[in-house]
Structures are given as structure tokens and as C-alpha cells.
Amino acid sequence: MKVTEKDVAYVADLANLELSEDERARMVRDLNSILGYVDTLNELDTTDVPPMAQVSDRYGLDESKRGTERFAYASREDVHEGLRKSFPHEIALANAPDSDGTFFKVPKVIER
Amino acid sequence: MTDKLNLASLTIESARSAVVGRKTSAAALAEAFYAKIESDDPRIGAYLVLSKERALARAAEVDRLAEKGDGLPPLAGVPVGIKDVLVTKGVRTTAGSKILGNYVPPYDCTAVARLEAAGAVVLGKLNCDEFAMGSSNENSAWKPVHNPRDLSRVPGGSSGGSAAAVAADMAVATLGSDTGGSIRQPAAFCGVVGLKPTYGRVSRYGLIAFASSLDHIGPLTKTVKDAAIMLRTIAGRDPMDSTSAGLPVPDYVAELEKPVKGLRVGVAKEYFGEGLEPETRAAIEAAIQKLAKLGCEIVEVSLPHTKYAIPAYYLVATAEASSNLARFDGVRYGHRAQGVRSLSDMYRRSRDEGFGPEVKRRIMLGTYALSAGYYDAYYLKAQRVRTLLTRDFEEAFRKVDVIVGPTSPTPAFKLGEKVDDPLAMYLADIYTVTANLAGIPGISIPAGQSKEKLPIGMQVFGKHFDESTILRVANAYEKAARN
């Protein structure tokens, strides 16, 4: 067993999940099963292989350029309301579970 | 007058020409589809929300244009359905999740806006696995989707509703999203065409993110030509998505009929190994023979790292998902738990109540893979393997123009069959995830059926931004198979 109940509790904490006792037990089982399978990656020696975080830095753009230079087409002037107007308050807040018309409301952040 | 229209035979072109030629109106066509949905969808479960008001308003605009006899746009009056992970202004969008149960977006996804600008009529939102995480549509928080070809079976996933709606003639075409096969695998299971374009070809603005380096939007249609028309409509640079490529969009429809004779078609032995069901193998081998008869040169290629694709994929995808789904916290939109003690209690309980089991599992796996002490061993390792998988394709595409193989190792499985075994479910994507990791385009087209009359899908991969060639090969096969 690679992943223990303690690990699951720790990771759930990082992920802002609580999980019921049943869910935690199930998670220990599932994560171990998946990670056991994932271990096949260790058959590969990747010491000299660079990591690939995304596709677009490799393809489809100006091949003569490298790095951020290749994304020059995607940059624009940093202007207020550059691509579209910002939403007015009533639209931006329309889906909020709780608001006062100007702000999103949440439970007290600092407890005494 | 719509009585004369056989919905099953309607393609984008024939639907449009019926509207343009005033054989029917866009409004009557939309109503005919709504009647079909009302009678058939209770058995299938493809739609989550019908956007009737919006559809009929759009149809009325098209009809006004048709009356004037003005030039009508390429999708004039064509009824389409949209996967529920694509936001639609004023139309509830849930991503198949309870956490977005009441979410009404204030803006439109670019791909949807482009379809509507081209005259399409959006009928409604289509069922899918929660946050597009799944291969059977059984992870929808709302209801499962039944495969129209056999109601006891899954439609595939995660764009199960999008595939089922096309297969059951409840839309002429639909949009889906594909992060690891979620357009192509359901297309194969339901016997329709499903296209995942190159990474960067179609704007993702307004796609509720699952794994940003792997997410794609693409069409599901009855014919390859319809897929070409849909892609031509939605492709191209969008200033709202910085990952959309600044490359010109070819006329995919015009290129469709170019001859395929002399094209080099790669067959990778790794896609015909253990786990591939014999009937599926036989169907794909027969399809390859057909391509050879059409004058394609069949070339054996190797994609040696294929067996590492699923583990690499599930690390990269879940890591990105854990980050993307952090935004669902019950503050600005979505579900908020009641009676909470503190802000952090609110976050936790809102997420606990809002997310389903598979989404929690993936958030946990992704968070674990990114956590201190495991980042190098899991996430970074997977990214390095992603490079190897991509190099496999680069190497192969030096020798061939396209690569063909099965879309899925088996035809559609039964509802409930894999629900309790996440790993078995993940393996349903074994032939599709590689295209997402490498960012290459792939299309699944119907290629025969099993003894039980279940559709079998053949997949055609192409080089980056070379959708034209895979569409051309798929179109040639489709025509040959019909004869």
C-alpha cells in the first residue's frame, strides 16, 4: 500500500475536500489501484527527456521562433476593457449564492 | 410541410437547402426536432435542457432572411445540440455536475457563437459525464444516457449525449469536447462521426475547463462532410483564447474530394495488441483493406510508447483538473453548503456536496501527483513521458500522411459494467488519449458493426493542423463503405 488513510486525509485537506469515512476508505483503495498501474512509467528512463507541459510551444506557430517569441501573435495592448466590456454588477453577481449587490458575501474569514 | 422531411436522412447541407428552398422553415424544422426529442429522449436521456425560446428566436431570424431571398449562411436553420460543458448565455449550463446545478452563464462560448452566427439553431444542452470526466456518461450527476443503437448499453463518454443525439436524429449535428477521447469514443459507440481537431485549432473560450493542455472542442455529425462544415465554422484564432492558433483555416469542405490515391496510411502494431476485441480487429483490418483498394499505400509504423499513454494521461489530466476545479468554492457561482461554521468549512462542504465520486477521485489523484515529495515522481515523470509519446508520432509522420486504427478496443459496453472499477473504465480510452497528449487531430468514423449489431469505430490520426488530410481519408472510406 503506497497511499495510507493518513495520506488521503492530508491530500483531501490540500484539495479542500472533507470526504466521508466511506469515501476515504474507497479513496485509499482506488488511489492505490491507479498508482500501482501508473508505476509502469518507471520502466522508462526519462533522465534526458524534457518535460512537455503543453502542445502549442512545439507546433503550429512560427517555427523559426522559440519560447515566448512564438506567442507574439497572442499579445495585445493592456487596455481597460480591451476585448469586451466588463460585466456590470448585477450580471456578475447574478449567480452568486450570497451577495449584497456590490460584493460577494462569505462567512466570517477571521474567527475570534 | 415538415412531414415530408425525414429527420434521419437530414445532413447539414440537406437541412440548409430545405430551409433555403423554402421546403420548410427553420422554425418548423426546430419544432420537428423538439417533437422528436419529446417522443424519443425519455428513453435515451441525451438532453439536459432545451433552449426553445432561443432556438425559435434564431430560427425566426433565419426565416426572415430566407423570405427576403438573401444569401443565407452555411448553417442556416440547421438544428444543433451543445454539450453541457460549453457555456450558453442565459441557458443553464451545469457541466453535468450538481455543483453548477443552477448556473446560468452570462456569456456564450466562442464555438457556439460561431455556429449561431453561421445560422445554426441551438436546440439545447446535452448530457455528459460530470466535468467531462468519464468514458460511459454514467458519471453525469443528472441521469445516464442510453445508447440509441442498444438501450442496455452506454453511449460512451464523456460526450455521450452529443453522440446519442446525432445517432437518434435528435440533432443534425452537435458539439462535444475531447480531453482523452470524449468525442471520438462516444462517436464510435453510437455509430456517428466524431472529430477532435488539433490543439489550438478551435477556441476553447467558454469551455468549462477539465485539463487545459488536453481539452479540445469538436463536432459530432452523421457524415464526414458535415464534420468538415462544422470545423470550418468553428475553427480559427479567437482573441479570447490565447491558446487558439493564429493560423489560416483551410476550406476543409473544398479539400474533401481531393484524391486519396498514393497517400501513405500508417498502421501501428501497438494499436492491434492485447485487449483489442477480435471482432473490432477484423472490422478495422477490413477497413484498412478498403483504403488499400482506394490506392492508399499501407505502411507499418511503430508508436512504441503507446502502453504508457494511459498512466501518463491520468497523471497530467488529473493534475490539471485539480487546479482547474479549485475555482468551485461556493463563492461566485455554484452550490454553497448551508449552515457552515467558517469560510474553510464552506469551501469543503460545498465541494463535498457538489462534486460526484469520480470528480473527487480525480481531484485527489491530481492533488496527490502535484503535492510536495510526489511532484517529480508523478507529474514531472508523466510530462517527460508525454514528450516520448509525442516524439513517437513525429517519427511515424515522417513516413506516413495519416495513421489509422481502432477508436476503442471494444464496442459499447453495458450500463453498470465498469462503474465500480475506475481503472477498467480508464482503459476504454487506450487508443484515444495519445492524440490529446500529442495535440494531433483525430477523427472516428463508423467502420462496420459487431455480430450484436453494435457500431465499430475507426480512427484516423493526422499531423498537427492537417485536419484536411484526415477528413479526406475519412470521406473516401465513408463513400467506399457505402457502396
# chains A, B, ... in the order shown; residues from 1 in each chain; ligands from 1
>>> interface_residues(of="chain A", to="chain B", cutoff="6 Å", atoms="only C-alpha atoms", output="ChimeraX atom specification")
/A:16-18,38,49-52,54-55,74,95-96,107,109
>>> write_last_selection(atoms="N, CA and C atoms", output="compact mmCIF listing (two decimals), in the first residue's frame")
# COMPACT_ATOMS: atom_id res chain seq x y z
N ASN A 16 -9.18 20.91 -0.44
CA ASN A 16 -10.42 21.48 0.09
C ASN A 16 -11.60 20.54 -0.05
N LEU A 17 -11.35 19.28 0.27
CA LEU A 17 -12.43 18.30 0.34
C LEU A 17 -12.43 17.75 1.75
N GLU A 18 -13.60 17.27 2.18
CA GLU A 18 -13.65 16.71 3.52
C GLU A 18 -13.70 15.18 3.42
N VAL A 38 0.10 3.22 -12.58
CA VAL A 38 0.91 4.36 -13.02
C VAL A 38 2.41 4.05 -12.88
N VAL A 49 15.02 13.37 -21.03
CA VAL A 49 13.84 13.77 -21.80
C VAL A 49 13.23 15.02 -21.16
N PRO A 50 13.09 16.09 -21.95
CA PRO A 50 12.50 17.30 -21.36
C PRO A 50 11.00 17.11 -21.11
N PRO A 51 10.47 17.70 -20.05
CA PRO A 51 9.02 17.60 -19.82
C PRO A 51 8.24 18.43 -20.84
N MET A 52 7.03 17.99 -21.14
CA MET A 52 6.17 18.70 -22.10
C MET A 52 4.92 19.14 -21.35
N GLN A 54 2.76 21.59 -22.52
CA GLN A 54 1.68 21.91 -23.43
C GLN A 54 2.12 21.68 -24.88
N VAL A 55 1.14 21.73 -25.76
CA VAL A 55 1.39 21.39 -27.16
C VAL A 55 1.86 22.60 -27.95
N ALA A 74 -0.32 36.46 -29.86
CA ALA A 74 -1.38 36.41 -28.87
C ALA A 74 -1.37 37.61 -27.93
N ASN A 95 -25.20 34.91 -10.35
CA ASN A 95 -25.08 33.50 -9.97
C ASN A 95 -24.55 33.31 -8.55
N ALA A 96 -24.28 34.39 -7.85
CA ALA A 96 -23.68 34.27 -6.52
C ALA A 96 -24.68 33.71 -5.53
N PRO A 107 -18.94 33.63 4.70
CA PRO A 107 -18.88 33.60 6.17
C PRO A 107 -17.63 34.32 6.67
N VAL A 109 -14.20 35.42 7.84
CA VAL A 109 -12.91 34.82 7.50
C VAL A 109 -12.03 34.70 8.74
>>> closest_atom_pairs(of="region 226-254 of chain B", to="region 111-120 of chain B", cutoff="10 Å", atoms="only C-alpha atoms", output="CSV")
residue,atom,partner,partner_atom,distance
B:Met230,CA,B:Leu115,CA,7.8
B:Leu231,CA,B:Ala111,CA,9.6
B:Thr233,CA,B:Leu115,CA,6.4
B:Ile234,CA,B:Ala111,CA,5.2
B:Ala235,CA,B:Ala111,CA,7.9
B:Gly236,CA,B:Ala111,CA,9.9
B:Asp238,CA,B:Ala111,CA,9.7
>>> write_last_selection(atoms="C-alpha atoms", output="short mmCIF file (atom, residue, chain, number, x, y, z; two decimals), in the first residue's frame")
data_model
loop_
_atom_site.label_atom_id
_atom_site.label_comp_id
_atom_site.auth_asym_id
_atom_site.auth_seq_id
_atom_site.Cartn_x
_atom_site.Cartn_y
_atom_site.Cartn_z
CA MET B 230 -18.73 22.25 -38.65
CA LEU B 231 -14.95 22.53 -38.28
CA THR B 233 -17.33 27.19 -38.99
CA ILE B 234 -15.78 26.96 -35.50
CA ALA B 235 -12.04 26.93 -36.30
CA GLY B 236 -9.64 29.84 -36.23
CA ASP B 238 -10.05 33.89 -31.20
#
>>> atom_distance(atom1="CA of Gly101 (chain B)", atom2="CA of Lys143 (chain B)")
13.1 Å
>>> residues_around(residues="Pro411 (chain B)", least_positions_apart="6", cutoff="12 Å", atoms="only C-alpha atoms", output="mmCIF file with C-alpha atoms, in the first residue's frame")
data_model
loop_
_atom_site.group_PDB
_atom_site.id
_atom_site.type_symbol
_atom_site.label_atom_id
_atom_site.label_comp_id
_atom_site.auth_asym_id
_atom_site.auth_seq_id
_atom_site.Cartn_x
_atom_site.Cartn_y
_atom_site.Cartn_z
ATOM 1 C CA SER B 136 -19.584 5.975 -20.349
ATOM 2 C CA ASN B 147 -27.030 4.155 -26.462
ATOM 3 C CA ARG B 149 -28.301 1.500 -31.012
ATOM 4 C CA ASP B 150 -28.901 -0.663 -27.916
ATOM 5 C CA ARG B 153 -25.522 -0.123 -23.387
ATOM 6 C CA VAL B 154 -23.615 3.069 -22.677
ATOM 7 C CA PRO B 155 -23.239 5.707 -25.404
ATOM 8 C CA GLY B 156 -19.606 6.216 -24.440
ATOM 9 C CA GLN B 185 -15.074 7.147 -28.307
ATOM 10 C CA PRO B 186 -18.800 8.008 -27.985
ATOM 11 C CA ALA B 187 -18.918 8.633 -31.747
ATOM 12 C CA ALA B 188 -17.577 5.087 -32.234
ATOM 13 C CA PHE B 189 -20.024 3.603 -29.707
ATOM 14 C CA CYS B 190 -23.044 5.313 -31.282
ATOM 15 C CA GLY B 191 -22.038 4.862 -34.931
ATOM 16 C CA LEU B 276 -8.390 -5.463 -28.745
ATOM 17 C CA GLU B 277 -11.560 -7.457 -29.254
ATOM 18 C CA PRO B 278 -11.315 -9.836 -32.269
ATOM 19 C CA GLU B 279 -14.447 -8.504 -33.982
ATOM 20 C CA THR B 280 -13.181 -4.947 -33.721
ATOM 21 C CA ARG B 281 -9.798 -6.011 -35.047
ATOM 22 C CA ALA B 283 -13.558 -4.729 -38.829
ATOM 23 C CA ALA B 428 -11.561 2.321 -22.583
ATOM 24 C CA PRO B 446 -18.193 4.164 -38.462
ATOM 25 C CA ALA B 447 -16.434 1.075 -39.849
ATOM 26 C CA GLY B 448 -18.818 -1.828 -39.698
ATOM 27 C CA GLN B 449 -20.508 -3.469 -36.774
ATOM 28 C CA SER B 450 -20.238 -6.429 -34.449
ATOM 29 C CA LYS B 451 -22.386 -9.581 -34.601
ATOM 30 C CA GLU B 452 -24.594 -7.965 -31.997
ATOM 31 C CA LYS B 453 -25.107 -5.043 -34.428
ATOM 32 C CA LEU B 454 -23.030 -2.668 -32.348
ATOM 33 C CA PRO B 455 -21.143 0.025 -34.265
ATOM 34 C CA ILE B 456 -17.351 -0.173 -34.538
ATOM 35 C CA GLY B 457 -15.298 2.997 -34.999
ATOM 36 C CA MET B 458 -12.129 3.515 -36.998
#
>>> select_by_dssp(residues="region 90-308 of chain B", states="strand (DSSP E or B)", output="ChimeraX atom specification")
/B:91,121-126,147,150,153,173-178,193-196,202,207,216-221,235,264-268,297-301
>>> write_last_selection(atoms="C-alpha atoms", output="PDB file, in the first residue's frame")
ATOM      1  CA  VAL B  91     -29.263  28.895 -20.880  1.00  0.00           C
ATOM      2  CA  VAL B 121     -30.295  26.813 -34.288  1.00  0.00           C
ATOM      3  CA  VAL B 122     -29.255  25.656 -30.805  1.00  0.00           C
ATOM      4  CA  LEU B 123     -31.866  23.163 -29.590  1.00  0.00           C
ATOM      5  CA  GLY B 124     -30.446  22.588 -26.121  1.00  0.00           C
ATOM      6  CA  LYS B 125     -27.729  21.294 -23.862  1.00  0.00           C
ATOM      7  CA  LEU B 126     -26.517  17.726 -23.959  1.00  0.00           C
ATOM      8  CA  ASN B 147     -27.030   4.155 -26.462  1.00  0.00           C
ATOM      9  CA  ASP B 150     -28.901  -0.663 -27.916  1.00  0.00           C
ATOM     10  CA  ARG B 153     -25.522  -0.123 -23.387  1.00  0.00           C
ATOM     11  CA  ALA B 173     -25.001  17.849 -35.568  1.00  0.00           C
ATOM     12  CA  THR B 174     -23.618  18.524 -32.103  1.00  0.00           C
ATOM     13  CA  LEU B 175     -20.585  19.929 -30.351  1.00  0.00           C
ATOM     14  CA  GLY B 176     -18.636  17.875 -27.860  1.00  0.00           C
ATOM     15  CA  SER B 177     -15.357  18.202 -26.018  1.00  0.00           C
ATOM     16  CA  ASP B 178     -12.450  15.759 -26.059  1.00  0.00           C
ATOM     17  CA  VAL B 193     -18.587  10.708 -36.923  1.00  0.00           C
ATOM     18  CA  GLY B 194     -16.574  12.497 -34.223  1.00  0.00           C
ATOM     19  CA  LEU B 195     -13.678  14.889 -34.839  1.00  0.00           C
ATOM     20  CA  LYS B 196     -11.096  16.122 -32.368  1.00  0.00           C
ATOM     21  CA  VAL B 202     -10.662  25.718 -32.171  1.00  0.00           C
ATOM     22  CA  LEU B 207     -15.430  25.618 -22.393  1.00  0.00           C
ATOM     23  CA  HIS B 216     -10.461  20.329 -27.270  1.00  0.00           C
ATOM     24  CA  ILE B 217     -13.844  21.250 -28.767  1.00  0.00           C
ATOM     25  CA  GLY B 218     -15.077  19.455 -31.870  1.00  0.00           C
ATOM     26  CA  PRO B 219     -18.128  18.263 -33.816  1.00  0.00           C
ATOM     27  CA  LEU B 220     -20.155  15.045 -33.867  1.00  0.00           C
ATOM     28  CA  THR B 221     -22.064  14.506 -37.092  1.00  0.00           C
ATOM     29  CA  ALA B 235     -12.037  26.929 -36.305  1.00  0.00           C
ATOM     30  CA  ARG B 264       0.640   6.821 -47.153  1.00  0.00           C
ATOM     31  CA  VAL B 265      -1.538   5.294 -44.447  1.00  0.00           C
ATOM     32  CA  GLY B 266       0.276   4.152 -41.317  1.00  0.00           C
ATOM     33  CA  VAL B 267      -0.828   1.180 -39.263  1.00  0.00           C
ATOM     34  CA  ALA B 268       0.719   0.975 -35.796  1.00  0.00           C
ATOM     35  CA  GLU B 297      -0.183   2.828 -49.590  1.00  0.00           C
ATOM     36  CA  ILE B 298      -0.393   0.911 -46.293  1.00  0.00           C
ATOM     37  CA  VAL B 299       2.785   1.324 -44.245  1.00  0.00           C
ATOM     38  CA  GLU B 300       3.574  -0.325 -40.934  1.00  0.00           C
ATOM     39  CA  VAL B 301       4.692   2.164 -38.309  1.00  0.00           C
TER      40      VAL B 301
END
>>> select_by_dssp(residues="region 296-439 of chain B", states="helix (DSSP H, G or I)", output="number ranges by chain")
B: 306-327, 343-354, 357-370, 375-396, 422-429, 433-438
>>> closest_residue(among="B:Ile445, B:Phe210, B:Ala396, B:Gly90", to="Ile91 (chain A)", atoms="only C-alpha atoms")
B:Gly90
